[in-house]
>>> print(open('my_file.cif').read())   # mmCIF, C-alpha atoms
data_upload
#
loop_
_atom_site.group_PDB
_atom_site.id
_atom_site.type_symbol
_atom_site.label_atom_id
_atom_site.label_comp_id
_atom_site.auth_asym_id
_atom_site.auth_seq_id
_atom_site.Cartn_x
_atom_site.Cartn_y
_atom_site.Cartn_z
ATOM 1 C CA MET S 14 5.781 -35.887 -19.031
ATOM 2 C CA LYS S 15 2.212 -35.678 -17.863
ATOM 3 C CA SER S 16 1.057 -32.195 -16.967
ATOM 4 C CA LEU S 17 0.065 -31.544 -13.371
ATOM 5 C CA VAL S 18 -1.655 -28.228 -13.981
ATOM 6 C CA ARG S 19 -4.650 -28.011 -11.709
ATOM 7 C CA TRP S 20 -6.448 -25.553 -9.461
ATOM 8 C CA GLY S 21 -4.819 -25.930 -6.071
ATOM 9 C CA ALA S 22 -4.469 -28.900 -3.779
ATOM 10 C CA THR S 23 -6.943 -31.667 -3.042
ATOM 11 C CA LEU S 24 -9.938 -30.261 -1.196
ATOM 12 C CA GLY S 25 -10.796 -32.947 1.312
ATOM 13 C CA LEU S 26 -11.792 -30.903 4.339
ATOM 14 C CA ILE S 27 -15.095 -29.622 3.033
ATOM 15 C CA GLY S 28 -16.336 -33.123 2.454
ATOM 16 C CA SER S 29 -19.317 -34.555 0.679
ATOM 17 C CA THR S 30 -21.819 -32.958 3.040
ATOM 18 C CA VAL S 31 -21.562 -29.592 1.317
ATOM 19 C CA LEU S 32 -21.419 -30.966 -2.194
ATOM 20 C CA GLY S 33 -24.110 -33.518 -1.562
ATOM 21 C CA SER S 34 -26.590 -30.863 -0.534
ATOM 22 C CA TRP S 35 -25.368 -28.139 -2.840
ATOM 23 C CA PHE S 36 -25.048 -29.694 -6.275
ATOM 24 C CA GLU S 37 -27.726 -31.691 -8.005
ATOM 25 C CA PRO S 38 -27.004 -35.442 -7.624
ATOM 26 C CA ASN S 39 -27.672 -36.399 -11.244
ATOM 27 C CA LEU S 40 -25.909 -33.726 -13.251
ATOM 28 C CA ARG S 41 -24.969 -34.788 -16.759
ATOM 29 C CA ALA S 42 -21.256 -35.360 -17.191
ATOM 30 C CA PHE S 43 -20.697 -32.481 -19.584
ATOM 31 C CA ALA S 44 -18.852 -29.267 -18.886
ATOM 32 C CA LEU S 45 -20.239 -25.804 -19.294
ATOM 33 C CA PRO S 46 -19.001 -24.230 -22.544
ATOM 34 C CA GLU S 47 -15.513 -22.825 -22.048
ATOM 35 C CA GLN S 48 -16.573 -19.325 -23.070
ATOM 36 C CA GLU S 49 -19.302 -19.348 -20.418
ATOM 37 C CA ILE S 50 -16.794 -20.453 -17.779
ATOM 38 C CA VAL S 51 -14.388 -17.708 -18.850
ATOM 39 C CA GLN S 52 -17.136 -15.080 -18.659
ATOM 40 C CA LYS S 53 -18.108 -16.184 -15.154
ATOM 41 C CA LEU S 54 -14.523 -16.241 -13.898
ATOM 42 C CA ASN S 55 -13.665 -12.905 -15.515
ATOM 43 C CA GLN S 56 -15.796 -11.197 -12.884
ATOM 44 C CA VAL S 57 -12.908 -11.937 -10.525
ATOM 45 C CA PRO S 58 -9.604 -10.043 -10.638
ATOM 46 C CA VAL S 59 -6.502 -11.886 -9.453
ATOM 47 C CA PHE S 60 -2.957 -10.747 -8.745
ATOM 48 C CA PHE S 61 0.366 -12.493 -9.197
ATOM 49 C CA ILE S 62 4.094 -11.876 -8.990
ATOM 50 C CA ALA S 63 5.746 -11.922 -12.411
ATOM 51 C CA ASP S 64 8.382 -10.272 -14.574
ATOM 52 C CA GLU S 65 7.701 -7.955 -17.519
ATOM 53 C CA GLN S 66 7.306 -10.942 -19.859
ATOM 54 C CA GLY S 67 4.593 -12.423 -17.646
ATOM 55 C CA ASN S 68 6.730 -15.243 -16.261
ATOM 56 C CA LEU S 69 5.299 -16.076 -12.844
ATOM 57 C CA ILE S 70 7.520 -16.469 -9.840
ATOM 58 C CA THR S 71 7.175 -20.001 -8.460
ATOM 59 C CA ARG S 72 8.357 -22.080 -5.548
ATOM 60 C CA SER S 73 9.407 -25.693 -5.932
ATOM 61 C CA ILE S 74 8.455 -28.658 -3.768
ATOM 62 C CA ASN S 75 9.388 -32.309 -4.050
ATOM 63 C CA VAL S 76 6.507 -34.780 -4.190
ATOM 64 C CA GLU S 77 7.548 -38.436 -4.266
ATOM 65 C CA GLY S 78 10.774 -37.572 -6.034
ATOM 66 C CA GLN S 79 9.113 -35.282 -8.560
ATOM 67 C CA GLU S 80 9.740 -31.540 -8.528
ATOM 68 C CA ILE S 81 6.551 -29.481 -8.695
ATOM 69 C CA ASN S 82 6.474 -25.747 -9.344
ATOM 70 C CA ILE S 83 3.761 -23.802 -7.530
ATOM 71 C CA ALA S 84 2.628 -20.365 -8.693
ATOM 72 C CA GLY S 85 0.655 -18.303 -6.200
ATOM 73 C CA ILE S 86 -2.465 -16.565 -7.505
ATOM 74 C CA PHE S 87 -3.593 -13.941 -4.998
ATOM 75 C CA MET S 88 -7.255 -13.063 -4.576
ATOM 76 C CA SER S 89 -6.311 -9.797 -2.837
ATOM 77 C CA GLN S 90 -4.088 -7.087 -4.257
ATOM 78 C CA GLY S 91 -3.044 -6.200 -0.709
ATOM 79 C CA ASP S 92 -1.895 -9.751 0.011
ATOM 80 C CA ALA S 93 0.095 -9.800 -3.229
ATOM 81 C CA LYS S 94 1.797 -6.514 -2.304
ATOM 82 C CA ASN S 95 2.606 -7.814 1.177
ATOM 83 C CA PHE S 96 4.204 -10.897 -0.358
ATOM 84 C CA PHE S 97 6.207 -8.691 -2.719
ATOM 85 C CA ASN S 98 7.381 -6.488 0.178
ATOM 86 C CA LYS S 99 8.639 -9.561 2.041
ATOM 87 C CA LEU S 100 10.366 -10.720 -1.137
ATOM 88 C CA GLU S 101 12.152 -7.362 -1.360
ATOM 89 C CA GLU S 102 13.473 -7.881 2.163
ATOM 90 C CA SER S 103 14.492 -11.520 1.824
ATOM 91 C CA GLN S 104 15.533 -11.749 -1.858
ATOM 92 C CA PRO S 105 16.015 -8.220 -3.254
ATOM 93 C CA ASN S 106 17.818 -9.509 -6.365
ATOM 94 C CA ILE S 107 14.698 -11.445 -7.403
ATOM 95 C CA ALA S 108 12.265 -8.719 -6.331
ATOM 96 C CA ALA S 109 14.081 -6.246 -8.600
ATOM 97 C CA LYS S 110 13.045 -8.307 -11.636
ATOM 98 C CA VAL S 111 9.353 -8.806 -10.789
ATOM 99 C CA ASN S 112 6.291 -6.869 -9.747
ATOM 100 C CA VAL S 113 2.660 -7.320 -8.708
ATOM 101 C CA LEU S 114 0.598 -7.699 -11.882
ATOM 102 C CA PRO S 115 -3.196 -7.801 -12.188
ATOM 103 C CA GLY S 116 -5.237 -10.154 -14.312
ATOM 104 C CA LEU S 117 -8.674 -11.715 -14.646
ATOM 105 C CA LEU S 118 -9.361 -15.232 -13.422
ATOM 106 C CA GLY S 119 -11.204 -16.186 -16.612
ATOM 107 C CA ASN S 120 -8.284 -15.180 -18.812
ATOM 108 C CA LEU S 121 -5.926 -17.195 -16.617
ATOM 109 C CA TYR S 122 -8.275 -20.176 -16.830
ATOM 110 C CA ARG S 123 -8.327 -19.955 -20.629
ATOM 111 C CA ILE S 124 -4.527 -19.751 -20.869
ATOM 112 C CA VAL S 125 -4.104 -22.765 -18.602
ATOM 113 C CA SER S 126 -6.765 -24.767 -20.443
ATOM 114 C CA GLN S 127 -5.195 -24.103 -23.826
ATOM 115 C CA ASN S 128 -1.593 -24.728 -22.752
ATOM 116 C CA GLN S 129 -1.784 -27.796 -20.553
ATOM 117 C CA GLU S 130 1.115 -29.567 -22.251
ATOM 118 C CA ASN S 131 3.393 -26.519 -22.245
ATOM 119 C CA LEU S 132 3.155 -25.506 -18.600
ATOM 120 C CA ASN S 133 5.405 -28.312 -17.312
ATOM 121 C CA GLU S 134 4.422 -29.530 -13.891
ATOM 122 C CA VAL S 135 2.923 -26.253 -12.658
ATOM 123 C CA ILE S 136 0.245 -26.000 -10.002
ATOM 124 C CA PHE S 137 -1.633 -22.726 -9.758
ATOM 125 C CA GLU S 138 -2.396 -22.300 -6.080
ATOM 126 C CA PHE S 139 -4.964 -19.724 -5.045
ATOM 127 C CA VAL S 140 -4.025 -17.569 -2.056
ATOM 128 C CA PRO S 141 -7.300 -16.692 -0.291
ATOM 129 C CA MET S 142 -8.034 -13.693 1.902
ATOM 130 C CA GLN S 143 -7.232 -14.954 5.399
ATOM 131 C CA GLU S 144 -10.064 -13.020 7.031
ATOM 132 C CA GLN S 145 -12.537 -14.882 4.802
ATOM 133 C CA VAL S 146 -10.857 -18.210 5.592
ATOM 134 C CA ARG S 147 -11.397 -17.502 9.290
ATOM 135 C CA SER S 148 -15.043 -16.671 8.567
ATOM 136 C CA ALA S 149 -15.430 -19.988 6.724
ATOM 137 C CA VAL S 150 -13.910 -21.959 9.611
ATOM 138 C CA ALA S 151 -16.148 -20.175 12.124
ATOM 139 C CA LEU S 152 -19.201 -20.809 9.951
ATOM 140 C CA LEU S 153 -18.511 -24.524 9.597
ATOM 141 C CA GLY S 154 -17.715 -24.782 13.289
ATOM 142 C CA GLY S 155 -21.092 -23.255 14.076
ATOM 143 C CA GLN S 156 -22.707 -25.940 11.918
ATOM 144 C CA ASN S 157 -21.083 -28.665 14.041
ATOM 145 C CA GLU S 158 -18.527 -29.459 11.347
ATOM 146 C CA ASP S 159 -15.232 -30.775 12.753
ATOM 147 C CA VAL S 160 -13.055 -28.311 10.861
ATOM 148 C CA ASP S 161 -10.048 -26.414 12.157
ATOM 149 C CA LYS S 162 -8.997 -24.988 8.793
ATOM 150 C CA PHE S 163 -10.462 -24.375 5.363
ATOM 151 C CA LYS S 164 -8.704 -25.526 2.226
ATOM 152 C CA GLY S 165 -9.230 -23.290 -0.772
ATOM 153 C CA VAL S 166 -10.837 -19.932 -1.453
ATOM 154 C CA PRO S 167 -14.164 -19.661 0.407
ATOM 155 C CA LEU S 168 -17.333 -18.648 -1.431
ATOM 156 C CA PHE S 169 -20.398 -17.837 0.656
ATOM 157 C CA PHE S 170 -23.989 -18.345 -0.445
ATOM 158 C CA ALA S 171 -27.416 -18.387 1.192
ATOM 159 C CA THR S 172 -30.197 -20.934 1.247
ATOM 160 C CA VAL S 173 -33.786 -20.524 2.398
ATOM 161 C CA LYS S 174 -35.999 -23.194 3.915
ATOM 162 C CA LYS S 175 -39.767 -23.260 4.349
ATOM 163 C CA ASP S 176 -42.051 -26.199 5.039
ATOM 164 C CA ASP S 177 -39.095 -28.621 4.795
ATOM 165 C CA LYS S 178 -38.310 -27.349 1.287
ATOM 166 C CA GLU S 179 -34.886 -25.820 0.728
ATOM 167 C CA ALA S 180 -33.791 -23.551 -2.114
ATOM 168 C CA TYR S 181 -31.024 -21.129 -2.958
ATOM 169 C CA LEU S 182 -31.518 -17.475 -2.235
ATOM 170 C CA THR S 183 -31.435 -15.897 -5.679
ATOM 171 C CA SER S 184 -31.268 -12.381 -7.030
ATOM 172 C CA ASP S 185 -34.260 -10.671 -8.655
ATOM 173 C CA GLU S 186 -32.875 -11.882 -12.002
ATOM 174 C CA GLY S 187 -32.817 -15.495 -10.813
ATOM 175 C CA SER S 188 -29.039 -15.825 -10.473
ATOM 176 C CA ILE S 189 -27.358 -17.629 -7.578
ATOM 177 C CA PRO S 190 -24.705 -15.285 -6.152
ATOM 178 C CA LEU S 191 -21.539 -16.708 -4.597
ATOM 179 C CA PHE S 192 -19.723 -14.108 -2.499
ATOM 180 C CA PHE S 193 -15.995 -13.826 -1.883
ATOM 181 C CA GLU S 194 -16.724 -11.735 1.228
ATOM 182 C CA LYS S 195 -19.098 -13.013 3.891
ATOM 183 C CA GLU S 196 -19.712 -9.439 5.049
ATOM 184 C CA HIS S 197 -21.173 -8.582 1.655
ATOM 185 C CA LEU S 198 -23.696 -11.400 1.958
ATOM 186 C CA ASP S 199 -24.432 -10.517 5.600
ATOM 187 C CA ASN S 200 -25.293 -6.938 4.616
ATOM 188 C CA LEU S 201 -27.581 -8.021 1.784
ATOM 189 C CA LEU S 202 -29.424 -10.455 4.038
ATOM 190 C CA LEU S 203 -29.880 -7.707 6.625
ATOM 191 C CA GLU S 204 -31.319 -5.400 3.964
ATOM 192 C CA PHE S 205 -33.642 -8.170 2.786
ATOM 193 C CA LYS S 206 -34.953 -8.742 6.315
ATOM 194 C CA GLN S 207 -35.477 -5.017 6.840
ATOM 195 C CA GLU S 208 -37.144 -4.357 3.496
ATOM 196 C CA LYS S 209 -39.332 -7.492 3.414
ATOM 197 C CA PRO S 210 -39.865 -8.533 7.037
ATOM 198 C CA GLU S 211 -43.156 -10.303 6.298
ATOM 199 C CA ILE S 212 -41.393 -12.632 3.849
ATOM 200 C CA ALA S 213 -38.149 -13.058 5.810
ATOM 201 C CA SER S 214 -39.966 -13.962 9.016
ATOM 202 C CA ASN S 215 -41.467 -17.025 7.340
ATOM 203 C CA LEU S 216 -38.141 -18.307 6.022
ATOM 204 C CA GLU S 217 -35.248 -20.114 7.641
ATOM 205 C CA ILE S 218 -32.195 -18.463 6.082
ATOM 206 C CA SER S 219 -28.760 -20.098 6.290
ATOM 207 C CA ILE S 220 -25.315 -19.092 5.084
ATOM 208 C CA ASN S 221 -23.142 -21.831 3.584
ATOM 209 C CA VAL S 222 -19.621 -21.991 2.193
ATOM 210 C CA VAL S 223 -17.865 -23.920 -0.554
ATOM 211 C CA ALA S 224 -14.415 -23.619 -2.125
ATOM 212 C CA LEU S 225 -13.844 -21.758 -5.391
ATOM 213 C CA GLU S 226 -11.717 -24.675 -6.575
ATOM 214 C CA ILE S 227 -14.670 -27.033 -6.238
ATOM 215 C CA VAL S 228 -16.935 -24.634 -8.128
ATOM 216 C CA ILE S 229 -14.419 -24.426 -10.986
ATOM 217 C CA ASN S 230 -14.235 -28.220 -11.032
ATOM 218 C CA GLN S 231 -18.018 -28.387 -11.326
ATOM 219 C CA PHE S 232 -17.973 -25.863 -14.174
ATOM 220 C CA GLN S 233 -15.404 -28.045 -15.949
ATOM 221 C CA ASN S 234 -17.179 -31.361 -15.505
ATOM 222 C CA ASN S 235 -20.916 -30.705 -15.288
ATOM 223 C CA GLU S 236 -23.563 -28.762 -17.121
ATOM 224 C CA SER S 237 -26.892 -27.722 -15.633
ATOM 225 C CA GLU S 238 -29.174 -24.737 -15.248
ATOM 226 C CA LEU S 239 -28.040 -24.516 -11.635
ATOM 227 C CA LEU S 240 -24.404 -24.005 -12.617
ATOM 228 C CA SER S 241 -25.325 -21.620 -15.431
ATOM 229 C CA ASN S 242 -27.185 -19.443 -12.934
ATOM 230 C CA MET S 243 -24.225 -19.084 -10.594
ATOM 231 C CA VAL S 244 -22.594 -15.660 -10.463
ATOM 232 C CA LEU S 245 -19.316 -14.928 -8.692
ATOM 233 C CA VAL S 246 -19.476 -11.728 -6.650
ATOM 234 C CA PRO S 247 -15.962 -10.352 -5.987
ATOM 235 C CA SER S 248 -14.915 -8.484 -2.885
ATOM 236 C CA LYS S 249 -15.779 -4.791 -2.687
ATOM 237 C CA GLN S 250 -12.207 -3.781 -3.513
ATOM 238 C CA SER S 251 -12.025 -6.213 -6.431
ATOM 239 C CA GLY S 252 -15.416 -5.069 -7.709
ATOM 240 C CA GLN S 253 -14.128 -1.495 -7.841
ATOM 241 C CA TYR S 254 -11.097 -2.735 -9.775
ATOM 242 C CA ILE S 255 -13.338 -4.469 -12.342
ATOM 243 C CA GLN S 256 -15.385 -1.267 -12.741
ATOM 244 C CA SER S 257 -12.227 0.754 -13.340
ATOM 245 C CA LEU S 258 -11.147 -1.700 -16.048
ATOM 246 C CA GLN S 259 -14.521 -1.367 -17.766
ATOM 247 C CA GLN S 260 -14.427 2.434 -17.566
ATOM 248 C CA ASN S 261 -10.916 2.543 -19.033
ATOM 249 C CA ARG S 262 -11.999 0.203 -21.832
ATOM 250 C CA ASN S 263 -14.974 2.427 -22.665
ATOM 251 C CA GLN S 264 -12.856 5.567 -22.628
ATOM 252 C CA SER S 265 -10.266 4.014 -24.940
ATOM 253 C CA GLN S 266 -12.813 3.069 -27.611
ATOM 254 C CA PRO S 267 -12.519 5.307 -30.704
ATOM 255 C CA VAL S 268 -15.337 7.722 -31.442
ATOM 256 C CA SER S 269 -16.810 7.449 -34.915
ATOM 257 C CA SER S 270 -16.745 10.535 -37.101
ATOM 258 C CA PRO S 271 -20.162 12.034 -37.898
#
>>> encode(input="my_file.cif", output="structure tokens")
Amino acid sequence: MKSLVRWGATLGLIGSTVLGSWFEPNLRAFALPEQEIVQKLNQVPVFFIADEQGNLITRSINVEGQEINIAGIFMSQGDAKNFFNKLEESQPNIAAKVNVLPGLLGNLYRIVSQNQENLNEVIFEFVPMQEQVRSAVALLGGQNEDVDKFKGVPLFFATVKKDDKEAYLTSDEGSIPLFFEKEHLDNLLLEFKQEKPEIASNLEISINVVALEIVINQFQNNESELLSNMVLVPSKQSGQYIQSLQQNRNQSQPVSSP
């Protein structure tokens, strides 16, 4: 049976307006190298409900007579714990066999990519942080978009415009940061305006949003310098989690004898 593994549901609400202005129109139809995709996505911790063997808890839905299993991948550890707490109340027999487990998005991507035929009608559905979803809806509403909800995990990025020329706001290293938290981007833009007012005053700065699922799709199907320069910036809490993983890895490395 054909595998239905994919990253979430169809993302129709964002529309071609975002993609048309965001991604280059004539990208070559080649994917970024898988290792590069994995490295980019591994900057993002994710959380899921699974047993000790790593079997994810799923829910089943019927689509045109076909049963589809959906596994929730939480972007927030707190949201995953809240889901687990509700599971303990409603189905304690199942909750006793599972727990909230952490992982890295890149590792999950690699496992899915390498086991398409063995995952049997599974859809991995990202569970975004609801506060960021509300920020995305408010942002699009302020841009006169007719949107009452946002499908997917929102990523926020900034563009600058001067003399009718528009470009992405990049870091000092030339990377294009995509933020999981709008507040993080807001704070950086405020610092930029305070530290370099003479430059900021001559620029029209805008905040935009796109879904993580669309970005992953672009990584899979296109290759360009633009995509290679994109960097995913996790939430503050998730960033601290990544740092703790790196510190633990460094501490566990054996010390060579003199």
>>> resolve_selection(input="my_file.cif", expression="the PyMOL selection byres ((chain S and resi 101-110) around 12)", output="PyMOL selection string")
chain S and resi 62-71+94-100+111-113
>>> resolve_selection(input="my_file.cif", expression="the PyMOL selection byres ((chain S and resi 172) around 6)", output="list in words")
Ala171, Val173, Ala180, Tyr181, Leu182, Ile218 and Ser219 of chain S
>>> write_last_selection(input="my_file.cif", atoms="C-alpha atoms", output="short mmCIF file (atom, residue, chain, number, x, y, z; two decimals), in the coordinates of the input")
data_model
loop_
_atom_site.label_atom_id
_atom_site.label_comp_id
_atom_site.auth_asym_id
_atom_site.auth_seq_id
_atom_site.Cartn_x
_atom_site.Cartn_y
_atom_site.Cartn_z
CA ALA S 171 -27.42 -18.39 1.19
CA VAL S 173 -33.79 -20.52 2.40
CA ALA S 180 -33.79 -23.55 -2.11
CA TYR S 181 -31.02 -21.13 -2.96
CA LEU S 182 -31.52 -17.48 -2.24
CA ILE S 218 -32.20 -18.46 6.08
CA SER S 219 -28.76 -20.10 6.29
#
>>> atom_distance(input="my_file.cif", atom1="atom CA of Gln56 of chain S", atom2="atom CA of Ala44 of chain S")
19.3 Å
>>> axis_aligned_box(input="my_file.cif", around="segment 235-241 of chain S", padding_each_side="6 Å", output="lines of an AutoDock Vina configuration file")
center_x = -25.0
center_y = -26.2
center_z = -14.4
size_x = 20.3
size_y = 21.1
size_z = 17.5
>>> residues_around(input="my_file.cif", residues="segment 84-86 of chain S", least_positions_apart="5", cutoff="6 Å", atoms="all atoms listed in the file", output="ChimeraX atom specification")
/S:60-61,71,137-140
